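Raw contents of coords30.pdb, PDB, C-alpha atoms:
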MODEL        1
ATOM      1  CA  MET A 709       0.350  41.742 169.111  1.00  0.00           C
ATOM      2  CA  ASN A 710      -1.270  39.077 166.971  1.00  0.00           C
ATOM      3  CA  TRP A 711       1.421  38.583 164.302  1.00  0.00           C
ATOM      4  CA  GLN A 712      -0.686  36.124 162.333  1.00  0.00           C
ATOM      5  CA  ASN A 713      -3.380  38.765 161.817  1.00  0.00           C
ATOM      6  CA  LEU A 714      -0.751  41.355 160.907  1.00  0.00           C
ATOM      7  CA  PHE A 715       0.847  39.128 158.259  1.00  0.00           C
ATOM      8  CA  SER A 716      -2.599  38.261 156.908  1.00  0.00           C
ATOM      9  CA  LEU A 717      -3.408  41.972 156.594  1.00  0.00           C
ATOM     10  CA  ILE A 718      -0.107  42.676 154.838  1.00  0.00           C
ATOM     11  CA  LYS A 719      -0.705  39.842 152.352  1.00  0.00           C
ATOM     12  CA  GLN A 720      -4.237  41.085 151.697  1.00  0.00           C
ATOM     13  CA  ARG A 721      -3.055  44.647 151.038  1.00  0.00           C
ATOM     14  CA  LEU A 722      -0.194  43.503 148.786  1.00  0.00           C
ATOM     15  CA  ARG A 723      -2.703  41.499 146.728  1.00  0.00           C
ATOM     16  CA  GLN A 724      -4.810  44.633 146.541  1.00  0.00           C
ATOM     17  CA  VAL A 725      -1.785  46.607 145.275  1.00  0.00           C
ATOM     18  CA  ILE A 726      -1.248  44.109 142.454  1.00  0.00           C
ATOM     19  CA  GLY A 727      -4.946  44.147 141.637  1.00  0.00           C
ATOM     20  CA  LEU A 728      -4.983  47.946 141.488  1.00  0.00           C
ATOM     21  CA  TYR A 729      -2.064  48.020 139.072  1.00  0.00           C
ATOM     22  CA  ALA A 730      -4.038  45.723 136.772  1.00  0.00           C
ATOM     23  CA  PHE A 731      -7.287  47.649 137.354  1.00  0.00           C
ATOM     24  CA  LEU A 732      -5.773  50.954 136.230  1.00  0.00           C
ATOM     25  CA  PHE A 733      -2.812  50.165 133.990  1.00  0.00           C
ATOM     26  CA  ILE A 734      -4.398  47.522 131.756  1.00  0.00           C
ATOM     27  CA  PRO A 735      -7.175  49.868 130.524  1.00  0.00           C
ATOM     28  CA  ILE A 736      -4.770  52.797 130.162  1.00  0.00           C
ATOM     29  CA  TRP A 737      -2.145  50.933 128.144  1.00  0.00           C
ATOM     30  CA  VAL A 738      -4.478  48.671 126.160  1.00  0.00           C
ATOM     31  CA  MET A 739      -6.655  51.594 125.085  1.00  0.00           C
ATOM     32  CA  TYR A 740      -3.610  53.678 124.141  1.00  0.00           C
ATOM     33  CA  PHE A 741      -2.306  51.040 121.740  1.00  0.00           C
ATOM     34  CA  LEU A 742      -5.774  50.124 120.441  1.00  0.00           C
ATOM     35  CA  ASN A 743      -6.447  53.787 119.803  1.00  0.00           C
ATOM     36  CA  ARG A 744      -3.155  54.199 117.959  1.00  0.00           C
ATOM     37  CA  THR A 745      -3.328  51.019 115.875  1.00  0.00           C
ATOM     38  CA  LEU A 746      -6.991  50.196 115.260  1.00  0.00           C
ATOM     39  CA  LEU A 747      -9.163  53.166 116.222  1.00  0.00           C
ATOM     40  CA  PHE A 748      -7.201  55.902 114.396  1.00  0.00           C
ATOM     41  CA  ASP A 749      -7.291  58.159 117.489  1.00  0.00           C
ATOM     42  CA  LEU A 750     -11.106  58.131 117.564  1.00  0.00           C
ATOM     43  CA  TRP A 751     -11.070  57.071 121.228  1.00  0.00           C
ATOM     44  CA  ASN A 752      -9.593  60.429 122.240  1.00  0.00           C
ATOM     45  CA  THR A 753     -12.490  62.292 120.628  1.00  0.00           C
ATOM     46  CA  LEU A 754     -14.695  60.865 123.393  1.00  0.00           C
ATOM     47  CA  GLY A 755     -12.949  62.946 126.038  1.00  0.00           C
ATOM     48  CA  ILE A 756     -14.731  65.352 128.354  1.00  0.00           C
ATOM     49  CA  VAL A 757     -16.374  68.273 126.563  1.00  0.00           C
ATOM     50  CA  PRO A 758     -17.364  70.629 129.412  1.00  0.00           C
ATOM     51  CA  ARG A 759     -21.067  71.237 129.968  1.00  0.00           C
ATOM     52  CA  THR A 760     -22.004  69.228 126.897  1.00  0.00           C
ATOM     53  CA  LEU A 761     -24.566  66.449 127.311  1.00  0.00           C
ATOM     54  CA  THR A 762     -23.456  64.335 124.359  1.00  0.00           C
ATOM     55  CA  LEU A 763     -22.867  60.610 124.704  1.00  0.00           C
ATOM     56  CA  GLY A 764     -19.175  61.100 123.959  1.00  0.00           C
ATOM     57  CA  SER A 765     -18.713  63.654 126.715  1.00  0.00           C
ATOM     58  CA  MET A 766     -20.540  61.433 129.227  1.00  0.00           C
ATOM     59  CA  ILE A 767     -18.230  58.571 128.259  1.00  0.00           C
ATOM     60  CA  GLY A 768     -15.333  60.950 128.825  1.00  0.00           C
ATOM     61  CA  VAL A 769     -16.456  61.722 132.377  1.00  0.00           C
ATOM     62  CA  VAL A 770     -15.825  58.103 133.376  1.00  0.00           C
ATOM     63  CA  ALA A 771     -13.185  57.066 130.820  1.00  0.00           C
ATOM     64  CA  SER A 772     -11.038  60.090 129.951  1.00  0.00           C
ATOM     65  CA  TRP A 773      -8.315  58.739 132.253  1.00  0.00           C
ATOM     66  CA  THR A 774      -7.712  55.997 129.641  1.00  0.00           C
ATOM     67  CA  MET A 775      -7.120  58.544 126.844  1.00  0.00           C
ATOM     68  CA  HIS A 776      -3.640  59.942 126.117  1.00  0.00           C
ATOM     69  CA  GLY A 777      -2.385  62.155 123.327  1.00  0.00           C
ATOM     70  CA  ASN A 778       1.048  60.593 122.862  1.00  0.00           C
ATOM     71  CA  PHE A 779       3.495  58.161 124.435  1.00  0.00           C
ATOM     72  CA  ALA A 780       5.206  60.837 126.542  1.00  0.00           C
ATOM     73  CA  HIS A 781       1.809  61.806 127.977  1.00  0.00           C
ATOM     74  CA  LEU A 782       1.094  58.148 128.759  1.00  0.00           C
ATOM     75  CA  MET A 783       4.489  57.518 130.389  1.00  0.00           C
ATOM     76  CA  GLY A 784       4.417  60.689 132.477  1.00  0.00           C
ATOM     77  CA  ASN A 785       1.052  59.813 133.980  1.00  0.00           C
ATOM     78  CA  SER A 786       1.954  56.138 134.399  1.00  0.00           C
ATOM     79  CA  LEU A 787       5.117  56.856 136.406  1.00  0.00           C
ATOM     80  CA  VAL A 788       3.277  59.064 138.894  1.00  0.00           C
ATOM     81  CA  LEU A 789       0.319  56.679 139.117  1.00  0.00           C
ATOM     82  CA  ALA A 790       2.635  53.768 139.903  1.00  0.00           C
ATOM     83  CA  GLN A 791       3.727  55.438 143.146  1.00  0.00           C
ATOM     84  CA  ILE A 792       0.279  56.560 144.242  1.00  0.00           C
ATOM     85  CA  ILE A 793      -1.419  53.239 143.436  1.00  0.00           C
ATOM     86  CA  PHE A 794       0.987  51.462 145.782  1.00  0.00           C
ATOM     87  CA  LEU A 795       0.051  53.786 148.654  1.00  0.00           C
ATOM     88  CA  PHE A 796      -3.669  53.394 147.975  1.00  0.00           C
ATOM     89  CA  GLY A 797      -3.325  49.627 147.905  1.00  0.00           C
ATOM     90  CA  ILE A 798      -1.558  49.622 151.256  1.00  0.00           C
ATOM     91  CA  PHE A 799      -3.666  52.153 153.171  1.00  0.00           C
ATOM     92  CA  GLU A 800      -7.189  51.726 151.764  1.00  0.00           C
ATOM     93  CA  ARG A 801      -9.480  48.926 152.848  1.00  0.00           C
ATOM     94  CA  ASN A 802     -11.622  49.268 149.730  1.00  0.00           C
ATOM     95  CA  ALA A 803      -9.310  51.065 147.333  1.00  0.00           C
ATOM     96  CA  TYR A 804     -11.348  50.103 144.251  1.00  0.00           C
ATOM     97  CA  ARG A 805     -14.420  51.921 145.520  1.00  0.00           C
ATOM     98  CA  THR A 806     -12.386  54.968 146.516  1.00  0.00           C
ATOM     99  CA  ILE A 807     -10.649  55.179 143.133  1.00  0.00           C
ATOM    100  CA  ALA A 808     -13.961  54.739 141.299  1.00  0.00           C
ATOM    101  CA  MET A 809     -15.379  57.670 143.304  1.00  0.00           C
ATOM    102  CA  LEU A 810     -12.327  59.780 142.439  1.00  0.00           C
ATOM    103  CA  ILE A 811     -12.589  58.901 138.736  1.00  0.00           C
ATOM    104  CA  VAL A 812     -16.227  59.986 138.543  1.00  0.00           C
ATOM    105  CA  GLY A 813     -15.746  62.988 140.840  1.00  0.00           C
ATOM    106  CA  SER A 814     -12.744  64.361 138.944  1.00  0.00           C
ATOM    107  CA  GLY A 815     -14.527  63.740 135.639  1.00  0.00           C
ATOM    108  CA  LEU A 816     -17.599  65.661 136.761  1.00  0.00           C
ATOM    109  CA  MET A 817     -15.498  68.542 138.097  1.00  0.00           C
ATOM    110  CA  THR A 818     -13.635  68.774 134.794  1.00  0.00           C
ATOM    111  CA  TRP A 819     -16.965  68.694 132.956  1.00  0.00           C
ATOM    112  CA  GLY A 820     -18.247  71.531 135.118  1.00  0.00           C
ATOM    113  CA  LEU A 821     -15.121  73.720 135.264  1.00  0.00           C
ATOM    114  CA  GLY A 822     -13.410  73.182 131.915  1.00  0.00           C
ATOM    115  CA  SER A 823     -13.227  75.590 129.027  1.00  0.00           C
ATOM    116  CA  PRO A 824     -16.112  75.132 126.568  1.00  0.00           C
ATOM    117  CA  PHE A 825     -15.371  73.763 123.103  1.00  0.00           C
ATOM    118  CA  SER A 826     -12.324  71.861 124.403  1.00  0.00           C
ATOM    119  CA  ILE A 827     -11.729  68.140 124.881  1.00  0.00           C
ATOM    120  CA  HIS A 828     -10.091  67.015 128.130  1.00  0.00           C
ATOM    121  CA  ILE A 829      -8.217  63.699 128.182  1.00  0.00           C
ATOM    122  CA  GLY A 830      -5.602  61.969 130.313  1.00  0.00           C
ATOM    123  CA  ALA A 831      -5.161  60.407 133.738  1.00  0.00           C
ATOM    124  CA  SER A 832      -3.779  63.562 135.350  1.00  0.00           C
ATOM    125  CA  GLY A 833      -7.211  64.547 136.694  1.00  0.00           C
ATOM    126  CA  LEU A 834      -7.342  61.204 138.496  1.00  0.00           C
ATOM    127  CA  ILE A 835      -3.748  61.660 139.692  1.00  0.00           C
ATOM    128  CA  PHE A 836      -4.598  65.039 141.216  1.00  0.00           C
ATOM    129  CA  ALA A 837      -7.726  63.560 142.781  1.00  0.00           C
ATOM    130  CA  MET A 838      -5.638  60.802 144.370  1.00  0.00           C
ATOM    131  CA  LEU A 839      -3.048  63.303 145.598  1.00  0.00           C
ATOM    132  CA  GLY A 840      -5.846  65.464 147.003  1.00  0.00           C
ATOM    133  CA  TYR A 841      -7.335  62.426 148.712  1.00  0.00           C
ATOM    134  CA  MET A 842      -4.017  61.647 150.376  1.00  0.00           C
ATOM    135  CA  ILE A 843      -3.524  65.244 151.526  1.00  0.00           C
ATOM    136  CA  GLY A 844      -7.133  65.562 152.707  1.00  0.00           C
ATOM    137  CA  GLY A 845      -6.875  62.258 154.540  1.00  0.00           C
ATOM    138  CA  ALA A 846      -3.561  63.222 156.141  1.00  0.00           C
ATOM    139  CA  VAL A 847      -4.530  66.740 157.229  1.00  0.00           C
ATOM    140  CA  PHE A 848      -8.233  66.434 158.036  1.00  0.00           C
ATOM    141  CA  GLY A 849      -8.873  62.694 158.377  1.00  0.00           C
ATOM    142  CA  LYS A 850      -5.795  62.027 160.545  1.00  0.00           C
ATOM    143  CA  ARG A 851      -4.644  59.263 158.218  1.00  0.00           C
ATOM    144  CA  TRP A 852      -1.121  58.928 159.586  1.00  0.00           C
ATOM    145  CA  GLY A 853       0.019  56.594 156.820  1.00  0.00           C
ATOM    146  CA  TYR A 854      -0.798  59.190 154.190  1.00  0.00           C
ATOM    147  CA  LEU A 855       0.789  61.916 156.322  1.00  0.00           C
ATOM    148  CA  ILE A 856       4.069  59.995 156.431  1.00  0.00           C
ATOM    149  CA  ALA A 857       3.861  59.292 152.688  1.00  0.00           C
ATOM    150  CA  CYS A 858       3.172  62.967 151.900  1.00  0.00           C
ATOM    151  CA  LEU A 859       6.098  64.079 154.060  1.00  0.00           C
ATOM    152  CA  ALA A 860       8.427  61.463 152.572  1.00  0.00           C
ATOM    153  CA  MET A 861       7.457  62.377 149.001  1.00  0.00           C
ATOM    154  CA  GLY A 862       6.918  66.054 149.838  1.00  0.00           C
ATOM    155  CA  ALA A 863       9.289  67.603 147.297  1.00  0.00           C
ATOM    156  CA  THR A 864       8.114  65.345 144.482  1.00  0.00           C
ATOM    157  CA  TYR A 865       4.412  65.872 145.186  1.00  0.00           C
ATOM    158  CA  TRP A 866       4.890  69.615 145.675  1.00  0.00           C
ATOM    159  CA  LEU A 867       6.518  69.904 142.237  1.00  0.00           C
ATOM    160  CA  ILE A 868       3.675  67.906 140.677  1.00  0.00           C
ATOM    161  CA  LEU A 869       1.065  70.145 142.316  1.00  0.00           C
ATOM    162  CA  LYS A 870       2.923  73.358 141.526  1.00  0.00           C
ATOM    163  CA  LYS A 871       3.485  72.472 137.872  1.00  0.00           C
ATOM    164  CA  GLY A 872       0.021  71.013 137.366  1.00  0.00           C
ATOM    165  CA  LEU A 873      -1.794  73.994 138.852  1.00  0.00           C
ATOM    166  CA  MET A 874      -0.007  76.563 136.714  1.00  0.00           C
ATOM    167  CA  PRO A 875      -2.173  77.415 133.673  1.00  0.00           C
ATOM    168  CA  GLN A 876      -0.420  76.140 130.539  1.00  0.00           C
ATOM    169  CA  THR A 877      -1.445  75.919 126.920  1.00  0.00           C
ATOM    170  CA  GLY A 878      -2.695  72.445 126.074  1.00  0.00           C
ATOM    171  CA  ILE A 879      -2.863  71.356 129.733  1.00  0.00           C
ATOM    172  CA  SER A 880      -6.202  70.858 131.485  1.00  0.00           C
ATOM    173  CA  PHE A 881      -6.055  73.181 134.487  1.00  0.00           C
ATOM    174  CA  ALA A 882      -9.714  72.356 135.177  1.00  0.00           C
ATOM    175  CA  GLY A 883      -8.897  68.642 135.297  1.00  0.00           C
ATOM    176  CA  HIS A 884      -6.018  69.165 137.711  1.00  0.00           C
ATOM    177  CA  PHE A 885      -7.747  71.701 139.957  1.00  0.00           C
ATOM    178  CA  GLY A 886     -11.095  69.903 139.885  1.00  0.00           C
ATOM    179  CA  GLY A 887      -9.465  66.568 140.651  1.00  0.00           C
ATOM    180  CA  LEU A 888      -7.517  68.055 143.544  1.00  0.00           C
ATOM    181  CA  CYS A 889     -10.658  69.626 145.052  1.00  0.00           C
ATOM    182  CA  VAL A 890     -12.665  66.401 144.788  1.00  0.00           C
ATOM    183  CA  GLY A 891      -9.811  64.421 146.302  1.00  0.00           C
ATOM    184  CA  LEU A 892      -9.415  66.841 149.207  1.00  0.00           C
ATOM    185  CA  LEU A 893     -13.142  66.700 149.948  1.00  0.00           C
ATOM    186  CA  ILE A 894     -13.409  62.907 149.833  1.00  0.00           C
ATOM    187  CA  GLY A 895     -10.103  62.418 151.662  1.00  0.00           C
ATOM    188  CA  ALA A 896     -11.066  64.819 154.436  1.00  0.00           C
ATOM    189  CA  ASN A 897     -14.147  62.693 155.119  1.00  0.00           C
ATOM    190  CA  SER A 898     -12.302  59.381 155.011  1.00  0.00           C
ATOM    191  CA  LYS A 899     -11.226  57.428 158.049  1.00  0.00           C
ATOM    192  CA  HIS A 900      -8.414  54.997 158.618  1.00  0.00           C
ATOM    193  CA  ASP A 901      -9.508  51.416 159.022  1.00  0.00           C
ATOM    194  CA  TYR A 902      -6.692  49.504 160.654  1.00  0.00           C
ATOM    195  CA  PRO A 903      -7.850  46.456 162.623  1.00  0.00           C
ATOM    196  CA  ILE A 904      -7.051  46.273 166.325  1.00  0.00           C
ATOM    197  CA  LEU A 905      -4.535  43.476 166.858  1.00  0.00           C
ATOM    198  CA  LEU A 906      -4.974  41.968 170.297  1.00  0.00           C
ATOM    199  CA  THR A 907      -2.581  39.816 172.292  1.00  0.00           C
ATOM    200  CA  ARG A 908      -4.200  36.648 173.505  1.00  0.00           C
TER
ENDMDL
END
Show me this structure written as structure tokens.
Amino acid sequence: MNWQNLFSLIKQRLRQVIGLYAFLFIPIWVMYFLNRTLLFDLWNTLGIVPRTLTLGSMIGVVASWTMHGNFAHLMGNSLVLAQIIFLFGIFERNAYRTIAMLIVGSGLMTWGLGSPFSIHIGASGLIFAMLGYMIGGAVFGKRWGYLIACLAMGATYWLILKKGLMPQTGISFAGHFGGLCVGLLIGANSKHDYPILLTR
């Protein structure tokens, strides 16, 4: 086994993990505090309004994951994201592209499935899309890394899925269910991309 190539790959993926934390957490946290201190909660009014073709709703499709109603909402999503981002950074060759696809896909599904005259905000749609991607990749795409991760975190992820998919007042079932479906579909069509390390 070419250990130099292996260590190079590990370093590259760890850099990607750090980059992903910045890519997702900086917008989420910066926009939360800007919204609370300077924007007077106006940012959250640009969430997804299902089947509405307003500029605000279209912004919500791609940016609702940066909108949170309160600090508990922000922290709950951040703690789950922290675990999943690490796995994406390790197992995905181009994690940025994959996450961008999941953001847009989950946003569009929420826009199409959500209750009319409601505003959908929060990163939980993205979280469910990422969980769906991992499950779809593990079960259908034979992504063994994700399979091991899903088995190791099985109880935790099962509770997240079970709780998130139970209709609750004030919780976006459409965001959770739509995100999960998009993630499963994209994950099922993904392939692992581990380089072959040859002995010379």
In terms of only C-alpha atoms, the residue from A:Gly895, A:Gly830, A:Pro735, A:Gly844 at minimal distance from Thr818 in chain A is A:Gly830
Residues within 8 Å of Gly764 in chain A, all atoms listed in the file, excluding chain neighbours under 6 positions, as a PyMOL selection string: chain A and resi 753-756
Using all atoms listed in the file, which of the listed residues (A:Met739, A:Leu728, A:Leu839, A:Leu834) sits closest to Gly813 in chain A? A:Leu834
Carefully work through the PyMOL selection byres ((chain A and resi 781-791) around 9) for this structure and note down the residues it includes, as number ranges by chain. A: 729, 732-733, 736-737, 740, 775-780, 792-795, 830-832, 834-835, 838
Could you jot down the CA of Ala771 in chain A to CA of Thr806 in chain A separation for me, Å, one decimal place?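 According to the coordinates, CA of Ala771 in chain A and CA of Thr806 in chain A are separated by 15.9 Å.
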Around the point (-15.9, 73.8, 126.4) in the file's coordinates, collect all residues with an atom within 7 Å, using all atoms listed in the file, and return them as a PyMOL selection string. chain A and resi 757-759+822-826
Output for the residues just chosen: C-alpha atoms as a PDB file, in the frame of the given file:
ATOM      1  CA  VAL A 757     -16.374  68.273 126.563  1.00  0.00           C
ATOM      2  CA  PRO A 758     -17.364  70.629 129.412  1.00  0.00           C
ATOM      3  CA  ARG A 759     -21.067  71.237 129.968  1.00  0.00           C
ATOM      4  CA  GLY A 822     -13.410  73.182 131.915  1.00  0.00           C
ATOM      5  CA  SER A 823     -13.227  75.590 129.027  1.00  0.00           C
ATOM      6  CA  PRO A 824     -16.112  75.132 126.568  1.00  0.00           C
ATOM      7  CA  PHE A 825     -15.371  73.763 123.103  1.00  0.00           C
ATOM      8  CA  SER A 826     -12.324  71.861 124.403  1.00  0.00           C
TER       9      SER A 826
END
Grab all the atoms of range 752-759 of chain A that the file lists, wrap them in a box along x, y and z, add 4 Å per side, and give me centre plus edge lengths in Å (one decimal) as AutoDock Vina command-line options.
--center_x -15.3 --center_y 65.8 --center_z 125.3 --size_x 19.5 --size_y 18.8 --size_z 17.3
Contacts of Leu892 in chain A at 12 Å (all atoms listed in the file; same-chain gap of 5+ positions) as a list in words: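 Counting all atoms listed in the file, the residues come to Leu810, Gly813, Ser814, Phe836, Ala837, Met838, Leu839, Gly840, Tyr841, Met842, Ile843, Gly844, Gly845, Ala846, Val847, Phe848, Gly849, Phe885, Gly886, Gly887, Asn897 and Ser898 of chain A.
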Running the PyMOL selection byres ((chain A and resi 770) around 9) on this model by hand, what would come out? Give it as number ranges by chain. A: 756, 766-769, 771-773, 808, 811-816
Separation of CA of Gly833 in chain A from CA of Trp819 in chain A in Å: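 Result for CA of Trp819 in chain A versus CA of Gly833 in chain A: 11.2 Å, one decimal.
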Please indicate the distance in Å from CA of Trp751 in chain A to CA of Tyr804 in chain A, rounded to one decimal place.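 About the pair CA of Trp751 in chain A and CA of Tyr804 in chain A: they are 24.1 Å apart.
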Which residue, A:Ile726, A:Leu888, A:Leu750, A:Ala882, has the smallest gap to Leu821 in chain A when you use all atoms listed in the file?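 Under the stated criterion, the closest residue is A:Ala882.
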Which of A:Ile827, A:Val725, A:Ile879, A:Ile734 sits closest to Asn802 in chain A [using all atoms listed in the file]: A:Val725
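When all atoms listed in the file are used to compute distances to Ile829 in chain A, the closest of the residues A:Ser880, A:Thr762, A:Phe731, A:Cys889 turns out to be A:Ser880.
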